[in-house]
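Trainee: Starting off with a structure, shown below.
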Amino acid sequence: MMTASGLTVTPPKFHFRWRSHRLGTSPRNSQPFIFRRDAPLLQRATPTQRSNAMIVRAMSASFGDLSDDSSAVFPRINVKDPYKRLGISRMASEDEIQGARNFLIQQYAGHKPSVDAIESAHDKIIMQKFHERKNPKIDISKKVRQVRQSKVVSFVFDRFQTPPTAFLVKTAVTFAVLGALTVLFPTEEGPTLQVLLSVIATFYFINQRLKKKLWSFLYGTGSFIFSWLIGTFLMVSVIPPFIKGPRGFEVMSSLLSYVLLWVASSYLR
């Protein structure tokens, strides 16, 4: 029923009937085709159209019809973090950043504050990436980890092992006594006797740990040569001789060598 200007009008019905006897069929089997203007839309549509319409209605009910709603508001418009505002991680590439920006601009193009918020977050991220490339930060912990994981450094570290505390105390006391004798009783020939005793102590302590005389001799000899080379280099290039006297240089070199020999005697394995 329709009402117009106070009058009640019944919607017209259109009946189409054709004669089927001309086609060789019986009039009894011919059915009229009736088109009703007041019929619902889904009843007039085909089954495929009705199915598509139901899917569109379900998606609109769940997510909202963003394509038809030109005034949709960006839900993260007030989020301060630009990465969270665009919905990307801090490790995102430039392509991912640009893709997120383009997608959001397309979805919320009808709302200018939303577009401005998206563009602002995009610009902040791009400027931050540019600043990081221009002034790269040195990650010290990462560099140390990379050096520690290298084959050469790993091999060197594998050669050392922390001994028991009692053994550490015994080796430390031995080389401390040798150092004190070197400083308190310098001779004109230098601390030759003290150096000889330090080499013997190195052989002894390494052999106590390895229980192999050949390896103890090789480790002890290598440690003695290495310690004297490093001690001499440090005294010449790095450390100034703060012990005065005619044999101050030899005394300082001996003390540095004692430290390295103590490390070799205590930690080498």
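In the structure tokens, each chain is lettered A, B, ... as it comes, each chain's residues begin at 1, and ligands are numbered from 1 in order of appearance.
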Leaving out stretch 79-82 of chain A and any residue of its chain fewer than 4 positions from it, which residues lie within 12 Å of it when counting only C-alpha atoms, given as a PyMOL selection string?
Mentor: chain A and resi 74-75+86-90+97+100-101+114+117-128
Trainee: Write out as an MDAnalysis selection string the residues lying within 8 Å of stretch 169-186 of chain A, counting only C-alpha atoms and excluding same-chain residues fewer than 4 positions away.
Mentor: chainID A and resid 165 190:191 194 197:198 201 205 247 251 254:255 258:259 262 265:266
Trainee: Under the rule that only C-alpha atoms are counted, which of A:Ile206, A:Val153, A:Ile200, A:Ala109 is the nearest residue to A:Val263?
Mentor: A:Ile206
Trainee: Please measure the separation of atom CA of A:Leu218 and atom CA of A:Arg159, giving the value in Å to one decimal.
Mentor: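 These atoms are spaced 13.7 Å apart.
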Trainee: Give me, please, the distance in Å between atom CA of A:Gln107 and atom CA of A:Ala72, quoted to one decimal.
Mentor: 8.0 Å
Trainee: Would you list the contacts of A:Gly222 as a ChimeraX atom specification, taking every protein, DNA or RNA residue within 12 Å and counting only C-alpha atoms, but skipping same-chain residues closer than 6 positions in sequence?
Mentor: /A:199,202-203,206,215-216,228-229,260-261,264-265,268
Trainee: Select, from A:Asn78, A:Val73, A:Gly99, A:Val238, the residue with the minimum atom-to-atom distance to A:Lys112, counting only C-alpha atoms.
Mentor: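 Selected residue with least distance to A:Lys112: A:Val73.
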